[in-house]
Amino acid sequence: MAEARAPVAEPARTLLAVPGMHCAGCMSKVERALTQVSGVSSARVNLTARTVTVEHDDALQTRTLMQALDGVGFESQPRRDLSARAPSAVKPLLAPLAVAAFAAMNVMLLSVSVWSGADGSTREMFHWLSAVIALPAIAFAGRPFFTSAWRVLKHGKTNMDVPISIGVIVATGLSLYEVATAGQHAWFDGALMLLTFLLAGRVLDAMMRDRARAGVDALLSQAAQGATVVHDDGTVAWLEAGQLEQGMVMRVAAGERLAADGDIVAGTSRFDQSILTGESAPVSAGAGGKALAGMLNLSAPVDVRISHAGYDTTLAEIARLMEASTQNRSRYVRIADRAARLYAPAVHSLAALTVIGWMVAGASLYEALVIGVAVLIITCPCALGLAVPVAQVVASGSLMRAGIMVKDGSALERLAGVDRALLDKTGTLTMGRPVPDEAALGSLDEEERCIALALASNSNHPLSRGLAKALAAMGTEAAPIDTITERPGIGVFARWQGRDVALRRPEGGSGSAVALTIGDTPVRLIPFADALRPDALDALHRLRCMGIECSMLSGDKEDAVRKIAHKLDITARAEVDPAQKQAFVGSQREAGHSVLMVGDGLNDGPALAAADASMAPGSASDVGLQAADMVFVQDSLLALPRAVSGSRKTMAVVKQNFTLAIVYNVFAVPLAVLGYVTPLVAAIAMSASSLLVVANSLRLVTAAR
Amino acid sequence: MNSLLILVPIALLLGLAGLAAFFWALRSGQFDDPAGAASRILIDEDDEDGEGQ
């Protein structure tokens, strides 16, 4: 267990990620289990981030806390840094929203009395009061829009924030002039209401991203990556990955992942390198063989002399490939900004034409300007600004309840247009973990199963864990066994009712299997295989019905890939390395396809980053989780068609929302151009169109069905 | 008109007090875990180990 040597946070404060928590019951179970550990002074769950902060005595080890949580059925992982968490996207927007809402309500109150007939000095005083409240509020709450608009304008481009900023600034300027000249109409209420609605949309958008990110963060293992290093004098010490150097010898226990590339100097073991290459069958390697960072040591401890560490490892090479391809994706222009490209010039030239038209018709410059500003305010894209975020927030909330975490709103837009799906094999189409053969389990009698479970639950070996999970799912209860010993690379041995029992590596076997021996009775062999995900066939069929052609892209050997491809009736490519996967995604995109990549391993990372949209299962490697747009947490592959149909429904609603906003403009703009729009009309039109758009978007609550 | 001179400042002060309260809540971390806060009221705390002392 590497965790035992992981450093305890200094001031006796430990942060543990507990991905399995999702309700009040889980919270109280976790907190109670931890506070009952002696030495713990307090435990506080953060359900949003799926973490628990524990304050305890210095002497208490993180491992004890993890065991306590294990005892109540929650897996946990230590988080190293309390402060290194990415900042929330919501928090910086909450203060502007609060200020805008406060000011909007107060100014609206004053405006209502003006509209209902306040006159003369009262109106003037109310206007001045409004100005005093509104000016600082607009300056503060409008900042997110102003800075974003300025940023794109500097590069000669435009986005939705440009018409918003121009509308707000012009309305404020004109109102100031009106107030100073004791005029009739001030538009402060409209400007503030606009900011409030739009900020509310942004906050919702940010909340969605925060929630998804917290969910994904909880899945990331982040386990202190490092290795036990054997020094020349025979002493051993645990070093973090960054401190490993070429020439050091690290001792890798069974069940540990390698932290650096190297050559094996002592011991023979089998390694699972599926995360690096996609190859499902474990490879054997002995002294003199190569071992790569990221490989999982399956059977026996080995000593590895480090040849490459840190930035020189194969793993780091994959990370570099990924970085290069993420730039492709940042070129994607979101639908709201594409709309703004057409919308902003149209609206601004319309306002300019109105001013010119009225002046030609004989109005004074002042009158013409007032009407021009009214056009700008009434067309200010309030509904347009809400059209996209509200629809995406509602849809991703629905998808999240179905177990699909959407990391970014634009992912829904990109996923909706997909017409080609490339799937990885190991860990994506299959479960990626050894599952015991059901027929073999079925042939065991009740007693044998109980003993097998008892033995398996005493080992951390991947096969034991797979067996324990399968047996527990069958409702088996562990038999009482004693004098348990685990011999790394050989098996677990114990005594049961005076007889020797063991769960061990079969002699001379080639594939994955364990042998169960009870006393002198014949040995029972339990073979293991990497099973297909449930509903894989159904999910692929549904994707095909949606017009998405599916193929498999795997780093595994030809015959293993062909077997699965035949079972699922899809085309496949075998033995592709990470760079080739990425290149294949690129060639499909060049051929005019919009590509969805689904993968989990490190070897899929570059392809995930290069594709138009990408998904990863919750069991994926950290790299896979971070590169993917969406993460689905259940085992079933039906999450794929569900996400695609959810995103298509979302885009349909977004387009309806745009239509609604345009229809609203078709009615409102002529009124504004003709000079009939007062601040009262603008306020009503703005709220009505926003409510309509929000109501339409709420229909997406069932988008994930 | 005279009543306005009293009522308008009162209204503004009350509003500002609300705004200040919100900022205080924001600073003191009450928005750090909205999902947890929503669920926490459902926890029964009258067990003998008494974690809410």
# chains A, B, ... in the order shown; residues from 1 in each chain; ligands from 1
$ closest_atom_pairs --of "chain B" --to "chain A" --cutoff "10 Å" --atoms "only C-alpha atoms" --output "Markdown table"
| residue | atom | partner | partner_atom | distance |
| --- | --- | --- | --- | --- |
| B:Met1 | CA | A:Thr122 | CA | 7.7 |
| B:Leu4 | CA | A:Thr122 | CA | 9.3 |
| B:Val8 | CA | A:Leu129 | CA | 9.2 |
| B:Ala11 | CA | A:Asn106 | CA | 8.3 |
| B:Leu12 | CA | A:Asn106 | CA | 7.4 |
| B:Gly15 | CA | A:Phe102 | CA | 6.9 |
| B:Leu16 | CA | A:Phe102 | CA | 8.0 |
| B:Gly18 | CA | A:Phe102 | CA | 8.5 |
| B:Leu19 | CA | A:Ala98 | CA | 6.9 |
| B:Ala20 | CA | A:Ala98 | CA | 9.8 |
| B:Phe22 | CA | A:Ala98 | CA | 7.7 |
| B:Phe23 | CA | A:Ala95 | CA | 7.1 |
| B:Leu26 | CA | A:Lys91 | CA | 8.2 |
| B:Arg27 | CA | A:Lys91 | CA | 9.9 |
| B:Phe31 | CA | A:Lys91 | CA | 8.2 |
| B:Asp32 | CA | A:Thr48 | CA | 7.9 |
| B:Asp33 | CA | A:Thr48 | CA | 5.2 |
| B:Pro34 | CA | A:Thr48 | CA | 6.7 |
| B:Ala35 | CA | A:Thr48 | CA | 5.3 |
| B:Gly36 | CA | A:Leu47 | CA | 4.5 |
| B:Ala37 | CA | A:Leu47 | CA | 8.2 |
| B:Ala38 | CA | A:Ala24 | CA | 8.6 |
| B:Ser39 | CA | A:Ala24 | CA | 4.8 |
| B:Arg40 | CA | A:Ala24 | CA | 5.9 |
| B:Ile41 | CA | A:Ala24 | CA | 8.1 |
| B:Leu42 | CA | A:Ala24 | CA | 6.1 |
| B:Ile43 | CA | A:Ala24 | CA | 5.9 |
| B:Asp44 | CA | A:Ser28 | CA | 8.2 |
| B:Glu45 | CA | A:Ser28 | CA | 8.6 |
| B:Asp49 | CA | A:Arg32 | CA | 8.3 |
| B:Gly50 | CA | A:Arg32 | CA | 9.5 |
| B:Glu51 | CA | A:Arg32 | CA | 7.6 |
$ atom_distance --atom1 "CA of Ser148 (chain A)" --atom2 "CA of Ala672 (chain A)"
27.8 Å
$ closest_residue --among "A:Ile378, A:Met400, A:Ala368, A:Ala620" --to "Asp424 (chain A)" --atoms "only C-alpha atoms"
A:Ala620
$ residues_around --residues "Gly475 (chain A)" --least-positions-apart "5" --cutoff "12 Å" --atoms "only C-alpha atoms" --output "count of residues only"
7
$ closest_residue --among "A:Val631, A:Ala344, A:Gly417, A:Val30" --to "Gly592 (chain A)" --atoms "only C-alpha atoms"
A:Gly417
$ atom_distance --atom1 "CA of Val492 (chain A)" --atom2 "CA of Ala456 (chain A)"
7.6 Å
$ select_by_dssp --residues "region 296-389 of chain A" --states "helix (DSSP H, G or I)" --output "MDAnalysis selection string"
chainID A and resid 310:312 314:330 335:360 365:379 382:389
$ select_by_dssp --residues "region 423-578 of chain A" --states "strand (DSSP E)" --output "ChimeraX atom specification"
/A:423,430-436,482-487,491-496,499-504,513-518,524-532,549-553,571-573
$ atom_distance --atom1 "CA of Glu55 (chain A)" --atom2 "CA of Val236 (chain A)"
29.5 Å
$ residues_around --residues "Gly605 (chain A)" --least-positions-apart "2" --cutoff "9 Å" --atoms "only C-alpha atoms" --output "list in words"
Ile318, Ala319, Leu321, Met322, Pro578, Gln582, Gly599, Asp600, Gly601, Leu602, Asn603, Ala607, Leu608, Ala609, Ala610, Val623, Gly624, Leu625, Gln626, Ala627 and Ala628 of chain A
$ write_last_selection --atoms "all heavy atoms" --output "short mmCIF file (atom, residue, chain, number, x, y, z; two decimals), in the first residue's frame"
data_model
loop_
_atom_site.label_atom_id
_atom_site.label_comp_id
_atom_site.auth_asym_id
_atom_site.auth_seq_id
_atom_site.Cartn_x
_atom_site.Cartn_y
_atom_site.Cartn_z
N ILE A 318 2.96 11.73 -24.35
CA ILE A 318 1.53 11.74 -24.67
C ILE A 318 0.91 13.08 -24.27
O ILE A 318 0.10 13.65 -24.99
CB ILE A 318 0.81 10.56 -23.97
CG1 ILE A 318 1.31 9.26 -24.58
CG2 ILE A 318 -0.68 10.68 -24.08
CD1 ILE A 318 0.70 8.02 -23.99
N ALA A 319 1.32 13.59 -23.12
CA ALA A 319 0.79 14.87 -22.65
C ALA A 319 1.12 15.98 -23.65
O ALA A 319 0.31 16.86 -23.91
CB ALA A 319 1.37 15.20 -21.28
N LEU A 321 1.60 15.64 -26.92
CA LEU A 321 0.73 15.45 -28.09
C LEU A 321 -0.63 16.08 -27.85
O LEU A 321 -1.22 16.70 -28.73
CB LEU A 321 0.52 13.95 -28.34
CG LEU A 321 1.48 13.22 -29.25
CD1 LEU A 321 1.12 11.76 -29.28
CD2 LEU A 321 1.42 13.81 -30.65
N MET A 322 -1.12 15.91 -26.60
CA MET A 322 -2.45 16.42 -26.28
C MET A 322 -2.51 17.93 -26.31
O MET A 322 -3.45 18.52 -26.80
CB MET A 322 -2.85 15.96 -24.89
CG MET A 322 -3.48 14.63 -24.89
SD MET A 322 -3.79 14.15 -23.24
CE MET A 322 -4.81 15.48 -22.71
N PRO A 578 -0.91 6.16 -29.82
CA PRO A 578 -1.61 7.42 -29.53
C PRO A 578 -1.53 8.44 -30.68
O PRO A 578 -2.53 9.07 -31.01
CB PRO A 578 -0.89 7.94 -28.29
CG PRO A 578 -0.36 6.74 -27.62
CD PRO A 578 -0.06 5.75 -28.70
N GLN A 582 -4.67 9.97 -32.96
CA GLN A 582 -4.89 11.40 -33.14
C GLN A 582 -4.93 11.75 -34.62
O GLN A 582 -5.78 12.50 -35.08
CB GLN A 582 -3.76 12.16 -32.45
CG GLN A 582 -3.95 13.65 -32.43
CD GLN A 582 -2.73 14.33 -31.84
OE1 GLN A 582 -1.63 13.78 -31.83
NE2 GLN A 582 -2.91 15.52 -31.34
N GLY A 599 -13.04 7.45 -25.21
CA GLY A 599 -11.90 6.66 -24.79
C GLY A 599 -11.59 6.91 -23.34
O GLY A 599 -12.12 7.82 -22.72
N ASP A 600 -10.72 6.07 -22.78
CA ASP A 600 -10.46 6.21 -21.36
C ASP A 600 -8.98 6.30 -21.02
O ASP A 600 -8.60 6.91 -20.05
CB ASP A 600 -11.06 5.02 -20.60
CG ASP A 600 -10.32 3.74 -20.90
OD1 ASP A 600 -9.95 3.55 -22.07
OD2 ASP A 600 -10.08 2.95 -19.97
N GLY A 601 -8.13 5.67 -21.81
CA GLY A 601 -6.74 5.53 -21.40
C GLY A 601 -5.90 6.75 -21.70
O GLY A 601 -6.34 7.71 -22.33
N LEU A 602 -4.66 6.66 -21.23
CA LEU A 602 -3.68 7.69 -21.58
C LEU A 602 -3.48 7.75 -23.07
O LEU A 602 -3.29 8.81 -23.65
CB LEU A 602 -2.34 7.31 -20.97
CG LEU A 602 -2.07 7.71 -19.56
CD1 LEU A 602 -0.81 7.04 -19.10
CD2 LEU A 602 -1.92 9.21 -19.52
N ASN A 603 -3.52 6.55 -23.69
CA ASN A 603 -3.26 6.49 -25.12
C ASN A 603 -4.36 7.15 -25.94
O ASN A 603 -4.17 7.46 -27.10
CB ASN A 603 -3.07 5.03 -25.56
CG ASN A 603 -4.29 4.19 -25.26
OD1 ASN A 603 -4.99 4.46 -24.29
ND2 ASN A 603 -4.56 3.21 -26.07
N ALA A 607 -6.22 11.81 -28.91
CA ALA A 607 -7.38 11.71 -29.79
C ALA A 607 -8.59 12.39 -29.17
O ALA A 607 -9.36 13.06 -29.85
CB ALA A 607 -7.69 10.24 -30.08
N LEU A 608 -8.75 12.26 -27.86
CA LEU A 608 -9.87 12.91 -27.16
C LEU A 608 -9.77 14.42 -27.33
O LEU A 608 -10.76 15.12 -27.55
CB LEU A 608 -9.86 12.57 -25.67
CG LEU A 608 -10.27 11.15 -25.27
CD1 LEU A 608 -9.99 10.93 -23.80
CD2 LEU A 608 -11.73 10.93 -25.55
N ALA A 609 -8.55 14.92 -27.23
CA ALA A 609 -8.37 16.37 -27.34
C ALA A 609 -8.54 16.85 -28.77
O ALA A 609 -8.95 17.98 -28.99
CB ALA A 609 -6.99 16.75 -26.81
N ALA A 610 -8.26 15.98 -29.74
CA ALA A 610 -8.30 16.42 -31.13
C ALA A 610 -9.71 16.35 -31.71
O ALA A 610 -10.02 17.06 -32.67
CB ALA A 610 -7.37 15.55 -31.97
N VAL A 623 -5.79 11.43 -17.23
CA VAL A 623 -5.62 12.13 -18.50
C VAL A 623 -6.90 12.08 -19.32
O VAL A 623 -7.36 13.09 -19.85
CB VAL A 623 -4.45 11.51 -19.28
CG1 VAL A 623 -4.38 12.09 -20.67
CG2 VAL A 623 -3.15 11.74 -18.54
N GLY A 624 -7.51 10.90 -19.38
CA GLY A 624 -8.75 10.74 -20.13
C GLY A 624 -9.85 11.63 -19.55
O GLY A 624 -10.56 12.30 -20.29
N LEU A 625 -9.97 11.64 -18.22
CA LEU A 625 -11.03 12.43 -17.58
C LEU A 625 -10.85 13.91 -17.88
O LEU A 625 -11.81 14.64 -18.09
CB LEU A 625 -11.01 12.23 -16.06
CG LEU A 625 -11.46 10.87 -15.56
CD1 LEU A 625 -11.25 10.78 -14.07
CD2 LEU A 625 -12.92 10.65 -15.88
N GLN A 626 -9.59 14.35 -17.88
CA GLN A 626 -9.37 15.78 -18.07
C GLN A 626 -9.52 16.19 -19.52
O GLN A 626 -9.95 17.29 -19.81
CB GLN A 626 -7.99 16.16 -17.54
CG GLN A 626 -8.09 16.58 -16.09
CD GLN A 626 -6.77 16.47 -15.37
OE1 GLN A 626 -5.83 15.84 -15.83
NE2 GLN A 626 -6.71 17.10 -14.21
N ALA A 627 -9.19 15.28 -20.44
CA ALA A 627 -9.26 15.63 -21.85
C ALA A 627 -10.68 15.60 -22.38
O ALA A 627 -11.01 16.30 -23.33
CB ALA A 627 -8.38 14.69 -22.67
N ALA A 628 -11.54 14.79 -21.76
CA ALA A 628 -12.88 14.60 -22.31
C ALA A 628 -13.81 15.76 -21.97
O ALA A 628 -13.64 16.42 -20.95
CB ALA A 628 -13.48 13.30 -21.79
#
$ residues_around --residues "region 295-302 of chain A" --least-positions-apart "4" --cutoff "10 Å" --atoms "only C-alpha atoms" --output "VMD selection string"
chain A and resid 249 to 261 264 to 277 282 to 287 291 461 to 463 487 to 491 505
$ closest_residue --among "A:Leu60, A:Ala472, A:Met125, A:Val669" --to "Gly39 (chain A)" --atoms "only C-alpha atoms"
A:Leu60
